[in-house]
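Asks: Sharing my_file.cif (mmCIF, C-alpha atoms) below.
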data_entry
loop_
_atom_site.label_atom_id
_atom_site.label_comp_id
_atom_site.auth_asym_id
_atom_site.auth_seq_id
_atom_site.Cartn_x
_atom_site.Cartn_y
_atom_site.Cartn_z
CA SER P 869 108.74 114.49 94.04
CA GLN P 870 108.48 111.82 96.67
CA GLU P 871 106.64 112.91 99.84
CA LEU P 872 108.47 110.33 101.90
CA GLU P 873 112.15 109.72 101.34
CA GLN P 874 113.73 106.51 102.56
CA SER P 875 117.44 105.94 102.92
CA PRO P 876 119.37 104.01 102.06
CA GLN P 877 117.67 102.45 99.04
CA SER P 878 119.50 99.21 99.68
CA LEU P 879 121.72 97.82 102.36
CA ILE P 880 123.90 94.76 102.76
CA VAL P 881 125.02 93.96 106.29
CA GLN P 882 126.89 91.10 107.82
CA GLU P 883 124.90 88.89 110.15
CA GLY P 884 125.15 90.14 113.70
CA LYS P 885 125.69 93.78 112.73
CA ASN P 886 123.37 96.65 113.58
CA LEU P 887 121.71 98.84 110.97
CA THR P 888 119.46 101.88 110.66
CA ILE P 889 116.93 102.85 108.01
CA ASN P 890 115.55 106.38 107.81
CA CYS P 891 112.25 107.81 106.63
CA THR P 892 112.03 111.58 106.13
CA SER P 893 109.29 114.00 105.18
CA SER P 894 109.14 117.75 104.69
CA LYS P 895 105.66 117.63 106.23
CA THR P 896 104.53 116.75 109.72
CA LEU P 897 104.00 113.04 110.21
CA TYR P 898 100.72 112.59 112.04
CA GLY P 899 101.19 108.85 112.01
CA LEU P 900 104.18 106.81 110.87
CA TYR P 901 103.90 103.12 110.03
CA TRP P 902 106.71 100.65 109.37
CA TYR P 903 106.20 97.58 107.22
CA LYS P 904 108.31 94.66 106.05
CA GLN P 905 107.83 92.92 102.71
CA LYS P 906 109.33 89.74 101.37
CA TYR P 907 109.69 89.74 97.59
CA GLY P 908 106.40 88.90 95.88
CA GLU P 909 104.41 88.99 99.10
CA GLY P 910 102.21 91.41 100.99
CA LEU P 911 103.36 93.94 103.55
CA ILE P 912 103.59 92.92 107.19
CA PHE P 913 102.75 95.66 109.68
CA LEU P 914 105.58 96.16 112.19
CA MET P 915 104.95 99.28 114.24
CA MET P 916 103.02 102.52 114.45
CA LEU P 917 104.33 105.80 115.88
CA GLN P 918 102.18 108.84 116.47
CA LYS P 919 103.75 111.08 119.10
CA GLY P 920 106.89 113.16 118.77
CA GLY P 921 109.78 111.44 120.52
CA GLU P 922 107.94 108.12 120.61
CA GLU P 923 109.96 104.91 120.50
CA LYS P 924 108.73 101.35 120.16
CA SER P 925 110.49 98.02 120.09
CA HIS P 926 109.58 94.56 118.97
CA GLU P 927 112.15 91.84 119.41
CA LYS P 928 115.33 93.31 117.88
CA ILE P 929 113.66 96.09 115.92
CA THR P 930 113.28 99.59 117.35
CA ALA P 931 111.49 102.46 115.66
CA LYS P 932 111.61 106.12 116.68
CA LEU P 933 109.78 109.25 115.63
CA ASP P 934 111.71 112.47 116.14
CA GLU P 935 110.41 115.35 118.25
CA LYS P 936 109.59 117.43 115.19
CA LYS P 937 107.62 114.49 113.74
CA GLN P 938 109.32 114.74 110.37
CA GLN P 939 111.70 111.82 110.53
CA SER P 940 111.55 108.25 111.70
CA SER P 941 114.28 105.66 112.02
CA LEU P 942 114.14 101.90 112.16
CA HIS P 943 117.03 100.23 113.93
CA ILE P 944 117.79 96.52 113.85
CA THR P 945 120.16 95.14 116.44
CA ALA P 946 122.27 92.05 115.76
CA SER P 947 120.78 91.41 112.33
CA GLN P 948 119.81 87.90 111.29
CA PRO P 949 119.01 86.37 107.88
CA SER P 950 115.32 86.46 108.87
CA HIS P 951 115.51 90.27 108.87
CA ALA P 952 116.17 90.35 105.14
CA GLY P 953 113.47 91.93 103.00
CA ILE P 954 112.14 95.31 101.98
CA TYR P 955 111.27 97.80 104.68
CA LEU P 956 108.72 100.48 103.84
CA CYS P 957 107.50 103.43 105.81
CA GLY P 958 103.99 104.77 105.38
CA ALA P 959 102.71 108.04 106.79
CA ASP P 960 99.63 110.08 107.43
CA ILE P 961 100.66 113.57 106.37
CA ASN P 962 97.18 114.98 106.77
CA THR P 963 96.49 115.84 103.18
CA GLY P 964 92.82 116.10 104.00
CA PHE P 965 92.44 112.98 101.91
CA GLN P 966 92.13 109.70 103.71
CA LYS P 967 95.21 107.88 102.56
CA LEU P 968 98.72 107.03 103.62
CA VAL P 969 101.74 107.87 101.53
CA PHE P 970 104.53 105.32 101.27
CA GLY P 971 108.26 105.49 100.76
CA THR P 972 109.85 103.48 97.97
CA GLY P 973 111.41 101.04 100.42
CA THR P 974 114.82 99.93 101.63
CA ARG P 975 116.03 96.55 100.44
CA LEU P 976 117.98 94.76 103.18
CA LEU P 977 120.25 91.79 102.60
CA VAL P 978 121.93 90.04 105.52
CA SER P 979 125.03 88.09 104.60
CA PRO P 980 126.23 85.14 106.68
CA ASP A 710 92.21 83.35 111.73
CA GLY A 711 91.56 87.01 111.00
CA GLY A 712 93.14 88.50 107.95
CA ILE A 713 92.96 89.56 104.36
CA THR A 714 92.95 87.18 101.45
CA GLN A 715 93.59 87.93 97.81
CA SER A 716 93.08 85.56 94.96
CA PRO A 717 94.50 84.38 92.76
CA LYS A 718 98.20 84.82 93.58
CA TYR A 719 99.14 84.81 89.89
CA LEU A 720 96.92 85.84 87.01
CA PHE A 721 97.58 85.84 83.29
CA ARG A 722 95.40 87.61 80.77
CA LYS A 723 95.54 88.60 77.16
CA GLU A 724 95.47 92.24 76.20
CA GLY A 725 91.96 93.59 75.74
CA GLN A 726 90.37 91.42 78.41
CA ASN A 727 88.96 92.71 81.67
CA VAL A 728 90.02 90.87 84.79
CA THR A 729 88.75 91.01 88.39
CA LEU A 730 90.99 90.62 91.42
CA SER A 731 89.42 89.41 94.62
CA CYS A 732 89.99 90.89 98.10
CA GLU A 733 88.25 89.61 101.22
CA GLN A 734 88.77 90.55 104.88
CA ASN A 735 87.32 89.22 108.11
CA LEU A 736 88.81 91.90 110.35
CA ASN A 737 85.55 93.85 110.49
CA HIS A 738 87.32 96.91 109.09
CA ASP A 739 85.33 99.64 107.41
CA ALA A 740 88.04 101.08 105.16
CA MET A 741 89.70 99.12 102.40
CA TYR A 742 92.32 100.05 99.80
CA TRP A 743 93.78 98.89 96.50
CA TYR A 744 97.39 99.64 95.61
CA ARG A 745 99.60 98.92 92.69
CA GLN A 746 103.29 98.24 93.25
CA ASP A 747 105.85 98.61 90.48
CA PRO A 748 109.63 98.30 90.86
CA GLY A 749 111.20 101.54 92.08
CA GLN A 750 107.87 103.34 92.45
CA GLY A 751 106.58 102.21 95.80
CA LEU A 752 102.87 101.82 96.42
CA ARG A 753 100.39 103.84 94.42
CA LEU A 754 96.77 104.13 95.51
CA ILE A 755 94.18 103.04 92.95
CA TYR A 756 90.88 103.19 94.85
CA TYR A 757 89.73 103.22 98.43
CA SER A 758 86.46 102.67 100.24
CA GLN A 759 85.63 104.05 103.68
CA ILE A 760 82.33 102.25 104.02
CA VAL A 761 80.01 99.86 102.23
CA ASN A 762 78.51 101.21 99.00
CA ASP A 763 81.00 104.07 98.87
CA PHE A 764 84.41 104.34 97.20
CA GLN A 765 86.77 107.06 96.01
CA LYS A 766 89.40 107.32 93.30
CA GLY A 767 93.01 107.30 94.34
CA ASP A 768 96.00 108.65 92.48
CA ILE A 769 95.89 106.25 89.52
CA ALA A 770 92.25 105.18 89.09
CA GLU A 771 92.12 105.40 85.29
CA GLY A 772 91.46 101.99 83.72
CA TYR A 773 90.28 100.45 87.00
CA SER A 774 86.89 99.99 88.67
CA VAL A 775 85.78 98.72 92.06
CA SER A 776 82.65 97.84 93.99
CA ARG A 777 81.91 97.60 97.70
CA GLU A 778 78.64 95.77 98.13
CA LYS A 779 79.70 93.98 101.31
CA LYS A 780 81.93 95.08 104.16
CA GLU A 781 84.13 92.03 103.73
CA SER A 782 84.73 92.33 100.00
CA PHE A 783 86.39 94.94 97.76
CA PRO A 784 87.02 93.50 94.27
CA LEU A 785 89.11 95.39 91.72
CA THR A 786 88.50 95.14 87.98
CA VAL A 787 91.37 95.92 85.66
CA THR A 788 89.78 96.98 82.41
CA SER A 789 91.16 96.94 78.89
CA ALA A 790 91.50 100.73 79.18
CA GLN A 791 94.40 100.36 81.61
CA LYS A 792 97.49 100.93 79.47
CA ASN A 793 100.06 99.15 81.62
CA PRO A 794 98.15 96.58 83.69
CA THR A 795 101.05 94.21 84.39
CA ALA A 796 101.91 94.81 88.04
CA PHE A 797 101.69 93.51 91.60
CA TYR A 798 98.36 94.45 93.18
CA LEU A 799 97.90 94.78 96.92
CA CYS A 800 94.69 95.09 98.89
CA ALA A 801 94.60 96.45 102.44
CA SER A 802 92.13 97.21 105.18
CA GLU A 803 92.53 99.82 107.89
CA GLY A 804 92.61 99.35 111.63
CA GLN A 805 91.59 101.81 114.31
CA GLY A 806 95.00 103.51 114.48
CA ARG A 807 94.99 103.97 110.67
CA GLU A 808 97.50 101.17 110.32
CA GLN A 809 96.83 99.13 107.22
CA TYR A 810 96.85 95.36 107.00
CA PHE A 811 97.75 93.92 103.63
CA GLY A 812 96.81 90.83 101.73
CA PRO A 813 99.43 88.60 100.06
CA GLY A 814 99.01 90.32 96.69
CA THR A 815 98.11 89.29 93.16
CA ARG A 816 100.66 89.41 90.37
CA LEU A 817 98.90 90.20 87.12
CA THR A 818 100.61 89.63 83.80
CA VAL A 819 98.95 90.85 80.62
CA THR A 820 100.40 89.81 77.27
#
Render the structure in this file as structure tokens.

Replies:
Amino acid sequence: SQELEQSPQSLIVQEGKNLTINCTSSKTLYGLYWYKQKYGEGLIFLMMLQKGGEEKSHEKITAKLDEKKQQSSLHITASQPSHAGIYLCGADINTGFQKLVFGTGTRLLVSP
Amino acid sequence: DGGITQSPKYLFRKEGQNVTLSCEQNLNHDAMYWYRQDPGQGLRLIYYSQIVNDFQKGDIAEGYSVSREKKESFPLTVTSAQKNPTAFYLCASEGQGREQYFGPGTRLTVT
């Protein structure tokens, strides 16, 4: 079973529309990290959330971590073609093993 | 510019040959990681190293080997024992907040 579930798996939105991607775990998220990946390229670090209720923004992208620290959302306002790509969440779920677990990603297409 | 470099971007090998993927970072990070990415499976951890001269197996270490002789370098060798080596390989190093910074990746094709 996947320790981090992302939804939706894929998303097509019209340019200018808003969208939300979710990342959910059954375990406490001690650190939640959002990344963006263009096909065939490495992951670009977007934001890190560590405290329950925390919210961060960068340009038109806002990420939140819920109070229970089991779910995070990534919200894009007024989407643009440059937002297209794969968004992945990674998390420290405190397995006692120094590693992050990653979701399988959400593929975003922005249509003109 | 600080960052992580991986080379080459594309690599082709014949079955039965070992191949080494390069990963270099100038971020002065102690911890480094190797992942494999396959369609629909997300990132899977192969090996990681918290400090020079030390490394640990990840979830799918079989058929792979690493070394960490210098802080800046963490090469990955894909051996002939790896049954399905064709994949996209990503190297990362870890910042102070445990965020990971990734290289551009190497796509390995074995025929």

Asks: Can you give me, as a PyMOL selection string, the residues this file yields under the PyMOL selection byres ((chain P and resi 879) around 10)?

Replies: chain P and resi 875-878+880-881+887-889+952+954+974-978

Asks: So which residues are close to (102.7, 92.1, 105.4), meaning at most 8 Å away in the file's coordinates with only C-alpha atoms counted, and can you show them as a list in words?

Replies: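 Residues lying no farther than 8 Å from the given point: Tyr903, Lys904, Gln905, Glu909, Gly910, Leu911, Ile912 and Phe913 of chain P; Tyr810, Phe811, Gly812 and Pro813 of chain A.
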
Asks: Include C-alpha atoms and write out the residues we just selected as a compact mmCIF listing (two decimals), in the frame of the given file.

Replies:
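Once everything was written out, this is out.txt:
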# COMPACT_ATOMS: atom_id res chain seq x y z
CA TYR P 903 106.20 97.58 107.22
CA LYS P 904 108.31 94.66 106.05
CA GLN P 905 107.83 92.92 102.71
CA GLU P 909 104.41 88.99 99.10
CA GLY P 910 102.21 91.41 100.99
CA LEU P 911 103.36 93.94 103.55
CA ILE P 912 103.59 92.92 107.19
CA PHE P 913 102.75 95.66 109.68
CA TYR A 810 96.85 95.36 107.00
CA PHE A 811 97.75 93.92 103.63
CA GLY A 812 96.81 90.83 101.73
CA PRO A 813 99.43 88.60 100.06

Asks: Using only C-alpha atoms, I'd like every residue of chain A that has an atom within 12 Å of chain P; please write them out as an MDAnalysis selection string.

Replies: chainID A and resid 712:715 718:719 740:759 764:768 796:817

Asks: Using the chain letters and numbers from this file, what does the PyMOL selection byres ((chain P and resi 947) around 6) select? Give the answer as an MDAnalysis selection string.

Replies: chainID P and resid 883:886 945:946 948

Asks: Could you jot down the atom CA of A:Glu733 to atom CA of A:Val787 separation for me, Å, one decimal place?

Replies: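 Interatomic distance here is 17.1 Å.
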
Asks: List as a list in words the protein and nucleic acid residues near P:Ser941, meaning an atom at most 7 Å away when all atoms listed in the file are counted, but skip any in the same chain fewer than 6 places from it.

Replies: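 Final neighbour list, sorted by chain and number: Thr888, Ile889, Asn890, Cys891, Ala931, Lys932 and Leu933 of chain P.
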
Asks: Quick one, how far is atom CA of A:Val819 from atom CA of A:Thr795?

Replies: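 Taking atom CA of A:Val819 as the start and atom CA of A:Thr795 as the end point, the length is 5.5 Å.
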
Asks: Using only C-alpha atoms, determine which residues lie at most 7 Å from stretch 919-929 of chain P, disregarding the query and same-chain residues fewer than 3 positions distant; provide the list as a ChimeraX atom specification.

Replies: /P:932-937,942-945

Asks: Between A:Phe721, A:Thr818, A:Asn762, A:Thr788, which one has atoms that come closest to A:Ser774, using all atoms listed in the file?

Replies: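 Closest candidate: A:Thr788.
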
Asks: Could you jot down the atom CA of A:Lys723 to atom CA of A:Ser789 separation for me, Å, one decimal place?

Replies: 9.6 Å

Asks: Could you write out as number ranges by chain the residues that the PyMOL selection byres ((chain A and resi 782) around 9) matches in the shown file?

Replies: A: 731-734, 741, 776-781, 783-784
